[in-house]
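Asks: Just one file: structure02.cif, with mmCIF, C-alpha atoms and all ligand atoms.
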```
data_start
loop_
_atom_site.label_atom_id
_atom_site.label_comp_id
_atom_site.auth_asym_id
_atom_site.auth_seq_id
_atom_site.Cartn_x
_atom_site.Cartn_y
_atom_site.Cartn_z
CA MET B 1129 -8.35 15.75 17.71
CA THR B 1130 -10.52 16.37 20.70
CA GLN B 1131 -8.33 14.52 23.19
CA THR B 1132 -4.59 14.79 23.74
CA PRO B 1133 -3.19 11.31 23.19
CA THR B 1134 -1.54 9.61 26.13
CA LEU B 1135 1.87 9.37 24.52
CA ILE B 1136 4.78 7.56 26.11
CA PRO B 1137 7.18 10.19 27.56
CA ASP B 1138 10.30 8.36 26.35
CA ILE B 1139 8.89 8.31 22.81
CA LEU B 1140 8.10 12.03 23.04
CA GLN B 1141 11.65 12.70 24.19
CA ALA B 1142 12.95 10.87 21.11
CA HIS B 1143 10.74 12.90 18.75
CA ASP B 1144 13.61 15.04 17.44
CA GLU B 1145 15.76 11.98 16.80
CA ILE B 1146 13.01 10.09 14.95
CA ARG B 1147 11.99 13.20 12.99
CA ALA B 1148 15.60 13.61 11.86
CA ILE B 1149 15.58 10.00 10.62
CA ARG B 1150 12.27 10.59 8.81
CA ARG B 1151 13.64 13.67 7.08
CA ASP B 1152 16.89 11.93 6.19
CA ILE B 1153 14.90 9.14 4.49
CA HIS B 1154 12.67 11.75 2.80
CA ALA B 1155 15.73 13.51 1.40
CA HIS B 1156 17.09 10.22 0.00
CA PRO B 1157 14.14 8.46 -1.64
CA GLU B 1158 14.72 5.10 -3.33
CA LEU B 1159 12.43 3.28 -5.73
CA ARG B 1160 11.11 -0.24 -5.36
CA PHE B 1161 13.72 -2.93 -4.70
CA GLU B 1162 16.45 -0.25 -4.70
CA GLU B 1163 16.03 0.70 -1.02
CA GLN B 1164 19.69 -0.05 -0.22
CA ARG B 1165 20.55 3.12 1.65
CA THR B 1166 17.24 3.09 3.50
CA ALA B 1167 17.70 -0.56 4.50
CA ASP B 1168 21.29 0.20 5.61
CA LEU B 1169 20.01 3.06 7.75
CA VAL B 1170 17.24 0.95 9.30
CA ALA B 1171 19.64 -1.96 9.95
CA GLN B 1172 22.16 0.40 11.56
CA LYS B 1173 19.57 1.93 13.89
CA LEU B 1174 18.17 -1.47 14.91
CA THR B 1175 21.67 -2.78 15.55
CA ASP B 1176 22.59 0.33 17.57
CA TRP B 1177 19.55 -0.35 19.74
CA GLY B 1178 20.54 -3.98 20.29
CA ILE B 1179 18.00 -5.56 17.95
CA GLU B 1180 18.88 -8.68 15.93
CA VAL B 1181 18.67 -7.90 12.19
CA HIS B 1182 18.03 -10.23 9.23
CA ARG B 1183 18.49 -8.76 5.77
CA GLY B 1184 17.87 -9.75 2.17
CA LEU B 1185 14.23 -10.81 2.29
CA GLY B 1186 12.51 -9.64 -0.89
CA LYS B 1187 15.91 -8.31 -2.00
CA THR B 1188 16.09 -5.14 0.13
CA GLY B 1189 13.64 -6.03 2.92
CA LEU B 1190 14.72 -6.68 6.48
CA VAL B 1191 13.36 -7.99 9.75
CA GLY B 1192 14.32 -6.96 13.28
CA VAL B 1193 13.73 -9.53 16.01
CA LEU B 1194 13.08 -8.69 19.66
CA ARG B 1195 12.55 -11.59 22.03
CA ASN B 1196 11.53 -11.42 25.67
CA GLY B 1197 10.61 -14.17 28.11
CA ASP B 1198 9.94 -17.53 26.44
CA GLY B 1199 9.36 -15.73 23.14
CA LYS B 1200 6.56 -18.10 22.16
CA ARG B 1201 3.75 -15.70 21.38
CA SER B 1202 4.52 -13.37 18.51
CA ILE B 1203 3.43 -10.29 16.65
CA GLY B 1204 4.52 -8.74 13.35
CA LEU B 1205 4.64 -4.98 12.75
CA ARG B 1206 5.17 -3.83 9.20
CA ALA B 1207 6.37 -0.62 7.54
CA ASP B 1208 7.15 0.03 3.88
CA MET B 1209 10.31 1.84 2.72
CA ASP B 1210 9.99 2.70 -0.98
CA ALA B 1211 9.43 6.03 -2.74
CA LEU B 1212 7.74 7.02 -6.01
CA PRO B 1213 9.05 8.06 -9.43
CA LEU B 1214 7.86 11.65 -9.06
CA GLN B 1215 9.61 15.03 -9.14
CA GLU B 1216 9.17 16.72 -5.76
CA ALA B 1217 7.68 20.23 -5.93
CA ASN B 1218 8.66 21.11 -2.34
CA THR B 1219 11.72 23.24 -1.74
CA PHE B 1220 12.00 22.95 2.06
CA GLY B 1221 15.16 21.70 3.71
CA HIS B 1222 14.44 17.97 3.65
CA ARG B 1223 13.21 17.86 0.03
CA SER B 1224 14.34 15.01 -2.17
CA THR B 1225 17.96 15.15 -3.27
CA HIS B 1226 17.28 12.52 -5.95
CA ASP B 1227 15.87 13.91 -9.20
CA GLY B 1228 12.61 12.29 -10.23
CA LYS B 1229 12.19 10.37 -6.97
CA MET B 1230 10.08 11.36 -4.00
CA HIS B 1231 8.57 10.03 -0.80
CA ALA B 1232 5.10 11.13 -1.88
CA CYS B 1233 3.24 8.32 -0.12
CA GLY B 1234 4.74 8.83 3.34
CA HIS B 1235 6.60 5.53 3.54
CA ASP B 1236 9.45 7.56 5.04
CA GLY B 1237 7.08 8.30 7.93
CA HIS B 1238 5.91 4.68 8.20
CA THR B 1239 9.52 3.50 8.50
CA ALA B 1240 10.29 6.21 11.06
CA MET B 1241 7.21 5.39 13.19
CA LEU B 1242 8.21 1.73 13.35
CA LEU B 1243 11.80 2.68 14.18
CA GLY B 1244 10.51 4.87 17.00
CA ALA B 1245 8.62 1.89 18.38
CA ALA B 1246 11.62 -0.42 17.93
CA ARG B 1247 13.87 1.93 19.84
CA TYR B 1248 11.46 2.02 22.77
CA LEU B 1249 10.67 -1.70 22.80
CA ALA B 1250 14.35 -2.64 22.76
CA LYS B 1251 15.01 -0.35 25.70
CA HIS B 1252 12.05 -1.18 27.93
CA ARG B 1253 11.07 -4.74 26.93
CA ASN B 1254 7.76 -4.60 28.71
CA PHE B 1255 6.32 -7.64 26.90
CA ASP B 1256 6.53 -11.40 26.87
CA GLY B 1257 7.03 -12.94 23.45
CA THR B 1258 8.63 -12.13 20.10
CA VAL B 1259 8.24 -8.94 18.08
CA HIS B 1260 9.07 -9.07 14.37
CA LEU B 1261 9.75 -5.63 12.95
CA ILE B 1262 9.14 -6.01 9.22
CA PHE B 1263 10.59 -3.35 6.91
CA GLN B 1264 9.44 -4.18 3.42
CA PRO B 1265 10.53 -2.89 0.03
CA ALA B 1266 8.49 -2.11 -3.06
CA GLU B 1267 4.96 -1.45 -1.86
CA GLU B 1268 4.41 0.81 -4.87
CA GLY B 1269 3.67 -1.73 -7.57
CA GLY B 1270 6.47 -4.16 -6.79
CA GLY B 1271 4.69 -6.50 -4.39
CA GLY B 1272 7.53 -6.33 -1.89
CA ALA B 1273 5.37 -8.01 0.77
CA ARG B 1274 4.77 -10.97 -1.56
CA GLU B 1275 8.52 -11.20 -2.26
CA MET B 1276 9.38 -11.25 1.46
CA ILE B 1277 6.77 -13.98 1.99
CA ARG B 1278 8.31 -15.98 -0.90
CA ASP B 1279 11.65 -15.67 0.86
CA GLY B 1280 10.16 -17.38 3.92
CA LEU B 1281 9.12 -14.38 6.00
CA PHE B 1282 6.50 -16.16 8.08
CA GLU B 1283 8.36 -19.50 8.32
CA ARG B 1284 11.53 -17.85 9.55
CA PHE B 1285 9.76 -15.20 11.61
CA PRO B 1286 6.43 -16.64 12.80
CA CYS B 1287 3.77 -14.06 13.60
CA ASP B 1288 0.50 -14.86 15.37
CA ALA B 1289 -0.85 -11.67 13.82
CA VAL B 1290 0.42 -8.78 11.70
CA PHE B 1291 -0.36 -5.08 11.89
CA GLY B 1292 0.50 -2.13 9.69
CA MET B 1293 -0.71 1.41 9.00
CA HIS B 1294 -0.79 4.04 6.32
CA ASN B 1295 -0.94 7.78 6.86
CA TRP B 1296 -4.14 9.26 5.48
CA PRO B 1297 -4.27 12.92 4.38
CA GLY B 1298 -7.54 14.65 5.16
CA MET B 1299 -8.12 12.62 8.32
CA PRO B 1300 -7.41 14.62 11.52
CA ALA B 1301 -3.75 14.28 12.49
CA GLY B 1302 -3.19 11.30 14.75
CA SER B 1303 -6.73 9.92 14.50
CA PHE B 1304 -7.25 6.32 13.38
CA GLY B 1305 -9.59 4.58 10.96
CA THR B 1306 -10.06 1.00 9.88
CA CYS B 1307 -12.75 -1.63 9.45
CA ALA B 1308 -13.17 -5.38 9.72
CA GLY B 1309 -13.30 -7.14 6.37
CA PRO B 1310 -12.16 -5.47 3.13
CA LEU B 1311 -10.52 -2.10 3.79
CA MET B 1312 -8.87 -1.70 0.40
CA ALA B 1313 -9.54 -3.22 -3.01
CA SER B 1314 -7.75 -5.69 -5.22
CA SER B 1315 -5.93 -3.97 -8.06
CA ASN B 1316 -5.68 -5.53 -11.48
CA GLU B 1317 -4.88 -4.37 -14.97
CA PHE B 1318 -5.97 -5.49 -18.39
CA ARG B 1319 -5.20 -4.99 -22.04
CA ILE B 1320 -7.45 -6.15 -24.83
CA VAL B 1321 -6.13 -6.12 -28.40
CA ILE B 1322 -8.89 -6.08 -31.02
CA ARG B 1323 -7.75 -7.37 -34.41
CA GLY B 1324 -9.74 -6.61 -37.56
CA LYS B 1325 -8.85 -5.88 -41.16
CA GLY B 1326 -7.67 -2.51 -42.38
CA ALA B 1327 -9.34 -0.73 -45.26
CA HIS B 1328 -9.70 2.63 -46.98
CA ALA B 1329 -11.70 4.83 -44.64
CA ALA B 1330 -14.06 5.73 -47.52
CA MET B 1331 -14.76 2.02 -48.10
CA PRO B 1332 -15.02 0.51 -44.59
CA HIS B 1333 -17.15 -2.38 -45.90
CA ASN B 1334 -13.95 -3.84 -47.40
CA GLY B 1335 -12.48 -4.33 -43.92
CA ASN B 1336 -13.41 -5.22 -40.34
CA ASP B 1337 -13.10 -2.05 -38.29
CA PRO B 1338 -11.28 -2.63 -34.97
CA VAL B 1339 -11.85 0.98 -33.80
CA PHE B 1340 -15.62 0.77 -34.05
CA THR B 1341 -15.49 -2.71 -32.50
CA ALA B 1342 -13.26 -1.60 -29.61
CA ALA B 1343 -15.73 1.23 -28.89
CA GLN B 1344 -18.52 -1.38 -28.55
CA VAL B 1345 -16.29 -3.42 -26.23
CA VAL B 1346 -15.65 -0.38 -24.00
CA SER B 1347 -19.41 0.14 -23.64
CA ALA B 1348 -20.24 -3.54 -23.18
CA LEU B 1349 -17.68 -4.00 -20.38
CA GLN B 1350 -19.68 -1.66 -18.11
CA GLY B 1351 -22.61 -4.06 -18.52
CA ILE B 1352 -20.63 -6.52 -16.40
CA ILE B 1353 -20.69 -4.04 -13.51
CA THR B 1354 -24.42 -3.32 -13.77
CA ARG B 1355 -25.82 -6.65 -15.09
CA ASN B 1356 -23.53 -9.52 -14.06
CA LYS B 1357 -22.22 -8.94 -10.56
CA ARG B 1358 -24.54 -8.60 -7.60
CA PRO B 1359 -25.43 -4.93 -7.03
CA ILE B 1360 -24.25 -5.09 -3.42
CA ASP B 1361 -20.74 -6.17 -4.46
CA ALA B 1362 -18.63 -3.07 -5.06
CA ALA B 1363 -16.36 -3.18 -8.10
CA VAL B 1364 -15.09 -0.88 -10.81
CA ILE B 1365 -13.86 -1.36 -14.37
CA SER B 1366 -12.13 1.71 -15.81
CA VAL B 1367 -10.98 1.71 -19.41
CA THR B 1368 -8.22 4.29 -19.35
CA GLN B 1369 -6.39 3.63 -22.61
CA PHE B 1370 -7.69 3.43 -26.18
CA HIS B 1371 -5.09 3.33 -28.93
CA ALA B 1372 -5.52 2.83 -32.66
CA GLY B 1373 -4.70 4.24 -36.03
CA ASP B 1374 -2.28 6.76 -37.51
CA ALA B 1375 -4.25 8.46 -40.27
CA THR B 1376 -7.66 10.04 -40.85
CA ASN B 1377 -8.31 8.10 -44.02
CA ILE B 1378 -7.21 4.59 -43.03
CA VAL B 1379 -9.15 2.02 -41.01
CA PRO B 1380 -6.31 0.37 -39.04
CA ASN B 1381 -5.77 -3.35 -38.60
CA GLU B 1382 -6.02 -3.30 -34.84
CA ALA B 1383 -6.86 -1.30 -31.74
CA TRP B 1384 -6.18 -1.91 -28.08
CA ILE B 1385 -7.79 -0.81 -24.88
CA GLY B 1386 -6.42 -1.02 -21.35
CA GLY B 1387 -7.40 -0.14 -17.83
CA THR B 1388 -7.89 -1.24 -14.27
CA VAL B 1389 -10.31 -3.45 -12.33
CA ARG B 1390 -10.89 -3.10 -8.58
CA THR B 1391 -12.88 -5.44 -6.34
CA PHE B 1392 -13.15 -6.17 -2.63
CA THR B 1393 -13.33 -9.96 -2.96
CA LEU B 1394 -11.64 -12.61 -5.08
CA PRO B 1395 -14.89 -14.34 -6.19
CA VAL B 1396 -16.12 -11.04 -7.66
CA LEU B 1397 -12.76 -10.61 -9.34
CA ASP B 1398 -12.97 -14.14 -10.79
CA LEU B 1399 -16.40 -13.33 -12.19
CA ILE B 1400 -15.34 -10.02 -13.71
CA GLU B 1401 -12.19 -11.38 -15.30
CA GLN B 1402 -14.06 -14.28 -16.86
CA ARG B 1403 -16.95 -12.12 -18.10
CA MET B 1404 -14.61 -9.47 -19.52
CA GLU B 1405 -12.95 -12.01 -21.77
CA ALA B 1406 -16.27 -13.55 -22.83
CA VAL B 1407 -17.91 -10.17 -23.53
CA ALA B 1408 -14.92 -8.81 -25.45
CA ARG B 1409 -14.64 -11.98 -27.51
CA SER B 1410 -18.35 -12.09 -28.35
CA VAL B 1411 -18.67 -8.40 -29.19
CA ALA B 1412 -15.56 -8.63 -31.39
CA ALA B 1413 -16.92 -11.73 -33.11
CA ALA B 1414 -20.13 -9.87 -33.91
CA PHE B 1415 -18.08 -7.51 -36.07
CA ASP B 1416 -15.70 -10.15 -37.46
CA CYS B 1417 -12.80 -9.16 -35.24
CA THR B 1418 -10.73 -11.30 -32.88
CA ILE B 1419 -9.21 -10.43 -29.54
CA GLU B 1420 -6.13 -11.06 -27.48
CA PHE B 1421 -7.00 -10.82 -23.77
CA HIS B 1422 -4.45 -10.00 -21.10
CA PHE B 1423 -5.42 -9.74 -17.45
CA GLN B 1424 -2.93 -9.25 -14.65
CA ARG B 1425 -3.75 -9.51 -10.97
CA ASN B 1426 -1.51 -7.16 -9.03
CA TYR B 1427 -2.60 -6.87 -5.37
CA PRO B 1428 -5.39 -8.85 -3.70
CA PRO B 1429 -7.95 -7.02 -1.55
CA THR B 1430 -6.74 -5.93 1.91
CA VAL B 1431 -9.03 -7.87 4.24
CA ASN B 1432 -8.80 -7.27 7.99
CA THR B 1433 -9.75 -10.14 10.30
CA PRO B 1434 -12.50 -9.20 12.79
CA ALA B 1435 -10.79 -10.17 16.08
CA GLU B 1436 -7.50 -8.44 15.29
CA THR B 1437 -9.37 -5.37 14.01
CA ALA B 1438 -11.37 -5.13 17.24
CA PHE B 1439 -8.10 -5.52 19.13
CA ALA B 1440 -6.34 -2.75 17.17
CA VAL B 1441 -9.33 -0.42 17.44
CA GLY B 1442 -9.35 -0.98 21.22
CA VAL B 1443 -5.66 -0.16 21.51
CA ALA B 1444 -6.05 2.96 19.35
CA ALA B 1445 -9.08 4.13 21.34
CA GLU B 1446 -7.13 3.73 24.57
CA LEU B 1447 -4.39 5.90 23.09
CA VAL B 1448 -6.26 8.74 21.37
CA GLY B 1449 -9.80 8.38 22.73
CA GLY B 1450 -12.76 6.58 21.17
CA ALA B 1451 -13.98 9.75 19.43
CA ASN B 1452 -10.77 9.77 17.37
CA VAL B 1453 -11.01 6.18 16.18
CA ASP B 1454 -13.40 5.13 13.43
CA GLY B 1455 -13.70 1.34 13.49
CA ASN B 1456 -16.13 1.37 10.58
CA VAL B 1457 -14.30 3.61 8.17
CA GLU B 1458 -15.48 3.60 4.55
CA PRO B 1459 -13.30 1.23 2.50
CA THR B 1460 -11.29 2.69 -0.37
CA MET B 1461 -10.79 1.36 -3.91
CA GLY B 1462 -7.08 2.03 -3.51
CA ALA B 1463 -4.86 -1.04 -3.07
CA GLU B 1464 -2.08 -2.03 -0.72
CA ASP B 1465 0.30 -4.97 -0.76
CA PHE B 1466 -0.01 -5.55 3.01
CA SER B 1467 -2.90 -7.62 1.60
CA PHE B 1468 -0.40 -10.40 0.85
CA MET B 1469 0.51 -10.59 4.55
CA LEU B 1470 -3.18 -10.67 5.50
CA LEU B 1471 -3.63 -13.66 3.17
CA GLU B 1472 -1.05 -15.50 5.31
CA ARG B 1473 -1.81 -14.30 8.82
CA PRO B 1474 -4.66 -12.66 10.72
CA GLY B 1475 -4.21 -8.98 11.30
CA CYS B 1476 -5.33 -5.45 10.71
CA TYR B 1477 -4.31 -2.53 8.52
CA LEU B 1478 -5.20 0.95 9.72
CA PHE B 1479 -5.14 4.51 8.50
CA ILE B 1480 -3.57 7.15 10.73
CA GLY B 1481 -4.65 10.73 10.03
CA ASN B 1482 -1.98 12.91 8.40
CA GLY B 1483 -4.02 16.13 8.75
CA GLU B 1484 -4.94 18.65 6.07
CA GLY B 1485 -1.42 19.81 5.27
CA ALA B 1486 -0.99 22.67 7.74
CA HIS B 1487 2.13 20.88 9.02
CA ARG B 1488 4.07 21.48 5.83
CA GLU B 1489 7.00 23.83 6.16
CA ALA B 1490 7.54 26.96 4.10
CA GLY B 1491 8.61 26.07 0.61
CA HIS B 1492 6.07 23.36 -0.03
CA GLY B 1493 4.62 23.13 -3.53
CA ILE B 1494 1.29 24.66 -4.50
CA GLY B 1495 -0.52 21.32 -4.72
CA PRO B 1496 -2.54 19.71 -1.93
CA CYS B 1497 -0.94 17.54 0.73
CA MET B 1498 -2.35 14.36 -0.80
CA LEU B 1499 -0.74 10.97 -1.40
CA HIS B 1500 1.21 10.76 -4.68
CA ASN B 1501 1.10 14.56 -5.06
CA PRO B 1502 4.43 16.40 -5.66
CA SER B 1503 3.58 18.81 -2.81
CA TYR B 1504 2.92 16.09 -0.23
CA ASP B 1505 4.86 15.73 3.02
CA PHE B 1506 4.44 13.30 5.90
CA ASN B 1507 3.27 14.98 9.09
CA ASP B 1508 6.07 14.66 11.67
CA GLU B 1509 3.65 15.52 14.49
CA ILE B 1510 2.08 12.06 14.21
CA LEU B 1511 5.40 10.19 14.56
CA PRO B 1512 5.06 9.74 18.35
CA VAL B 1513 1.38 8.78 17.98
CA GLY B 1514 2.21 6.04 15.47
CA SER B 1515 5.19 4.81 17.49
CA THR B 1516 3.19 4.72 20.72
CA PHE B 1517 0.40 2.86 18.93
CA PHE B 1518 2.84 0.19 17.73
CA VAL B 1519 4.29 -0.10 21.24
CA LYS B 1520 0.84 -0.42 22.82
CA LEU B 1521 -0.12 -3.10 20.28
CA VAL B 1522 2.94 -5.09 21.37
CA GLU B 1523 2.53 -4.52 25.09
CA THR B 1524 -1.14 -5.53 24.89
CA TRP B 1525 -0.82 -8.44 22.43
CA LEU B 1526 2.20 -9.79 24.28
CA ALA B 1527 1.10 -8.68 27.74
CA ARG B 1528 3.16 -10.18 30.54
CA THR B 1529 1.23 -13.02 32.11
CA ALA B 1530 3.35 -13.44 35.24
ZN ZN F 1 1.39 5.03 -2.62
ZN ZN F 2 1.71 4.10 0.38
#
```
If you took the structure in this file and wrote it as structure tokens, what would it be?
Replies:
Amino acid sequence: MTQTPTLIPDILQAHDEIRAIRRDIHAHPELRFEEQRTADLVAQKLTDWGIEVHRGLGKTGLVGVLRNGDGKRSIGLRADMDALPLQEANTFGHRSTHDGKMHACGHDGHTAMLLGAARYLAKHRNFDGTVHLIFQPAEEGGGGAREMIRDGLFERFPCDAVFGMHNWPGMPAGSFGTCAGPLMASSNEFRIVIRGKGAHAAMPHNGNDPVFTAAQVVSALQGIITRNKRPIDAAVISVTQFHAGDATNIVPNEAWIGGTVRTFTLPVLDLIEQRMEAVARSVAAAFDCTIEFHFQRNYPPTVNTPAETAFAVGVAAELVGGANVDGNVEPTMGAEDFSFMLLERPGCYLFIGNGEGAHREAGHGIGPCMLHNPSYDFNDEILPVGSTFFVKLVETWLARTA
């Protein structure tokens, strides 16, 4: 960073306290929808700070409510709490104490940054309106945001807009990046079973070979990317699984392929899903095979609304300097379930730089400090930056009018 961020002194003074919470959560990772201890800890802290707490949304999710003035205008701030099923390679003091579970995506840091903001906002209340502090479960594949919404999140806790952020390794520590429109992709998975007729491998003409047919399907699917969708629409189909057969001299009865599809818009996804089934069915038919087509939509694309993105970029630039905020960051084909909240309310999702990994303490694993890597660790130095950013969002969005 080229400019020292203008951090709030009271948040800086609480750095040790918030870091201790972050490391406590890191040491006790919990998988999706099992975030009981984490939710208890968050609820306890919010209660200690005088914040009203509502639990049990999306099973283990919770919402803290802070009202000031007439409370009419509102803002939602969201953090995720879940860890990953991964064995931590780090051996430093706050390493995971739960075998096979690890905070390798930094959700421990996201939760701590929002707690840091909550602590400050409850104490100083320099805003006019209602702040909803949303702590969600199960971002990693469980759709915890969707489950909280199903449990009435936005009816019970109205939000004029919602904001959230994810730490981003490789971006300078404490810098920000986002963009209006799609920031992250939709994630979807498929499985196509190709059914033929088994035969002796020396006499394949007596059967209908599902392995050969599946290989044609794998090739043909890429034609959808290059021939069917518009070239300017980004999308990817990756066939990552191909399973068939048990012997070298037997043509099996069936084969199956599986993989992932990523798109930035739902119309492109609709097109790809429909074409995949048609192409697979036709190619299979050409070789006298049939198919069973399974397509599952997991997370929709994360689409930031322009006004709220411009607002968030402005707040970030004020905090860390315009040179440290990229408002036109390159979108990623990764996915994020904050997308469900952005389907319901306007808002913006941002990346906050986690640095290159120099922050990791002695005893970290040999791998890079990347998301979902067993050597990853959240960068505690950015805790006050993230907390101050959340606070500034609130104090600007809900600026006192009187
Ligand atoms: Zn993750
Ligand atoms: Zn994550």
Asks: What do you get as a compact mmCIF listing (two decimals) with C-alpha atoms, in the frame of the given file if you pick all residues at most 12 Å from ligand ZN 1 (chain F), counting only C-alpha atoms and all ligand atoms?
Replies:
```txt
# COMPACT_ATOMS: atom_id res chain seq x y z
CA LEU B 1159 12.43 3.28 -5.73
CA ARG B 1160 11.11 -0.24 -5.36
CA ASP B 1208 7.15 0.03 3.88
CA MET B 1209 10.31 1.84 2.72
CA ASP B 1210 9.99 2.70 -0.98
CA ALA B 1211 9.43 6.03 -2.74
CA LEU B 1212 7.74 7.02 -6.01
CA PRO B 1213 9.05 8.06 -9.43
CA LEU B 1214 7.86 11.65 -9.06
CA MET B 1230 10.08 11.36 -4.00
CA HIS B 1231 8.57 10.03 -0.80
CA ALA B 1232 5.10 11.13 -1.88
CA CYS B 1233 3.24 8.32 -0.12
CA GLY B 1234 4.74 8.83 3.34
CA HIS B 1235 6.60 5.53 3.54
CA ASP B 1236 9.45 7.56 5.04
CA HIS B 1238 5.91 4.68 8.20
CA ALA B 1266 8.49 -2.11 -3.06
CA GLU B 1267 4.96 -1.45 -1.86
CA GLU B 1268 4.41 0.81 -4.87
CA GLY B 1269 3.67 -1.73 -7.57
CA GLY B 1270 6.47 -4.16 -6.79
CA HIS B 1294 -0.79 4.04 6.32
CA ASN B 1295 -0.94 7.78 6.86
CA TRP B 1296 -4.14 9.26 5.48
CA PRO B 1297 -4.27 12.92 4.38
CA GLY B 1462 -7.08 2.03 -3.51
CA ALA B 1463 -4.86 -1.04 -3.07
CA GLU B 1464 -2.08 -2.03 -0.72
CA ASP B 1465 0.30 -4.97 -0.76
CA MET B 1498 -2.35 14.36 -0.80
CA LEU B 1499 -0.74 10.97 -1.40
CA HIS B 1500 1.21 10.76 -4.68
CA ASN B 1501 1.10 14.56 -5.06
CA TYR B 1504 2.92 16.09 -0.23
```
Asks: Work out how far apart atom CA of B:Arg1274 and atom CA of B:Phe1468 are and give it in Å to one decimal.
Replies: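 Here the two named atoms are 5.7 Å from each other.
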Asks: Restricting the calculation to all atoms listed in the file: of B:Val1193, B:Leu1249, B:Ile1352, B:Ala1440, which residue gets closest to B:Tyr1477?
Replies: B:Ala1440
Asks: How many Å lie between atom CA of B:Leu1521 and atom CA of B:Pro1429, rounded to one decimal?
Replies: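 Atom CA of B:Leu1521 sits 23.5 Å away from atom CA of B:Pro1429.
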Asks: May I have the residues within 12 Å of B:Phe1518 as a short mmCIF file (atom, residue, chain, number, x, y, z; two decimals) with C-alpha atoms, keeping the file's coordinate frame, using all atoms listed in the file and disregarding those fewer than 6 positions away in the same chain?
Replies:
```cif
data_model
loop_
_atom_site.label_atom_id
_atom_site.label_comp_id
_atom_site.auth_asym_id
_atom_site.auth_seq_id
_atom_site.Cartn_x
_atom_site.Cartn_y
_atom_site.Cartn_z
CA LEU B 1135 1.87 9.37 24.52
CA ILE B 1136 4.78 7.56 26.11
CA ILE B 1139 8.89 8.31 22.81
CA ILE B 1203 3.43 -10.29 16.65
CA GLY B 1204 4.52 -8.74 13.35
CA LEU B 1205 4.64 -4.98 12.75
CA ARG B 1206 5.17 -3.83 9.20
CA ALA B 1207 6.37 -0.62 7.54
CA HIS B 1238 5.91 4.68 8.20
CA THR B 1239 9.52 3.50 8.50
CA ALA B 1240 10.29 6.21 11.06
CA MET B 1241 7.21 5.39 13.19
CA LEU B 1242 8.21 1.73 13.35
CA LEU B 1243 11.80 2.68 14.18
CA GLY B 1244 10.51 4.87 17.00
CA ALA B 1245 8.62 1.89 18.38
CA ALA B 1246 11.62 -0.42 17.93
CA ARG B 1247 13.87 1.93 19.84
CA TYR B 1248 11.46 2.02 22.77
CA LEU B 1249 10.67 -1.70 22.80
CA VAL B 1259 8.24 -8.94 18.08
CA HIS B 1260 9.07 -9.07 14.37
CA LEU B 1261 9.75 -5.63 12.95
CA VAL B 1290 0.42 -8.78 11.70
CA PHE B 1291 -0.36 -5.08 11.89
CA GLY B 1292 0.50 -2.13 9.69
CA MET B 1293 -0.71 1.41 9.00
CA ALA B 1440 -6.34 -2.75 17.17
CA VAL B 1443 -5.66 -0.16 21.51
CA ALA B 1444 -6.05 2.96 19.35
CA LEU B 1447 -4.39 5.90 23.09
CA TYR B 1477 -4.31 -2.53 8.52
CA LEU B 1478 -5.20 0.95 9.72
CA ILE B 1480 -3.57 7.15 10.73
CA LEU B 1511 5.40 10.19 14.56
CA PRO B 1512 5.06 9.74 18.35
CA THR B 1524 -1.14 -5.53 24.89
CA TRP B 1525 -0.82 -8.44 22.43
CA LEU B 1526 2.20 -9.79 24.28
#
```
Asks: Taking into account all atoms listed in the file, which residue in the set B:Ala1327, B:Cys1307, B:Leu1397, B:Met1469 is nearest to B:Pro1434?
Replies: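 For B:Pro1434, the nearest of the given residues is B:Cys1307.
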Asks: Quick one: of B:Thr1258, B:Pro1428, B:Ala1330, B:Leu1190, who's nearest to B:Thr1376, counting all atoms listed in the file?
Replies: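 Using all atoms listed in the file, B:Thr1376 sits closest to B:Ala1330.
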Asks: Could you tell me how far atom CA of B:Lys1229 lies from atom CA of B:Arg1425, in Å and to one decimal?
Replies: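 It comes out at 25.8 Å.
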Asks: Between B:Thr1166, B:Gln1264, B:Val1519, B:Glu1216, which has the minimum distance to ligand ZN 2 (chain F) (counting all atoms listed in the file)?
Replies: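 Checking each of B:Thr1166, B:Gln1264, B:Val1519, B:Glu1216 against ligand ZN 2 (chain F), counting all atoms listed in the file, the winner is B:Gln1264.
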Asks: Which is closer to ligand ZN 2 (chain F) than all the others in B:His1371, B:Val1457, B:Glu1283, B:Gly1271, using only C-alpha atoms and all ligand atoms?
Replies: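 Checking each of B:His1371, B:Val1457, B:Glu1283, B:Gly1271 against ligand ZN 2 (chain F), counting only C-alpha atoms and all ligand atoms, the winner is B:Gly1271.
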Asks: Which is closer to B:Asn1456 than all the others in B:Phe1304, B:Glu1484, B:Thr1175, B:His1143, using all atoms listed in the file?
Replies: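 Among the listed residues, B:Phe1304 lies closest to B:Asn1456.
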Asks: Got a sec to check which residues sit within 10 Å of (8.0, 23.6, -1.0), counting all atoms listed in the file, and write them as number ranges by chain?
Replies: B: 1216-1223, 1488-1495, 1502-1505
Asks: Hey, could you pull the box centre and edge lengths for stretch 1340-1343 of chain B, axis-aligned, 3 Å padding per side, all listed atoms, to one decimal in Å, as lines of an AutoDock Vina configuration file?
Replies:
```
center_x = -14.5
center_y = -0.7
center_z = -31.5
size_x = 8.5
size_y = 9.9
size_z = 11.2
```
Asks: Tell me which protein, DNA and RNA residues are within 9 Å of B:Val1367, counting all atoms listed in the file, leaving out same-chain ones fewer than 4 positions away, and put them as a VMD selection string.
Replies: chain B and resid 1318 1346 1349 1385 to 1389
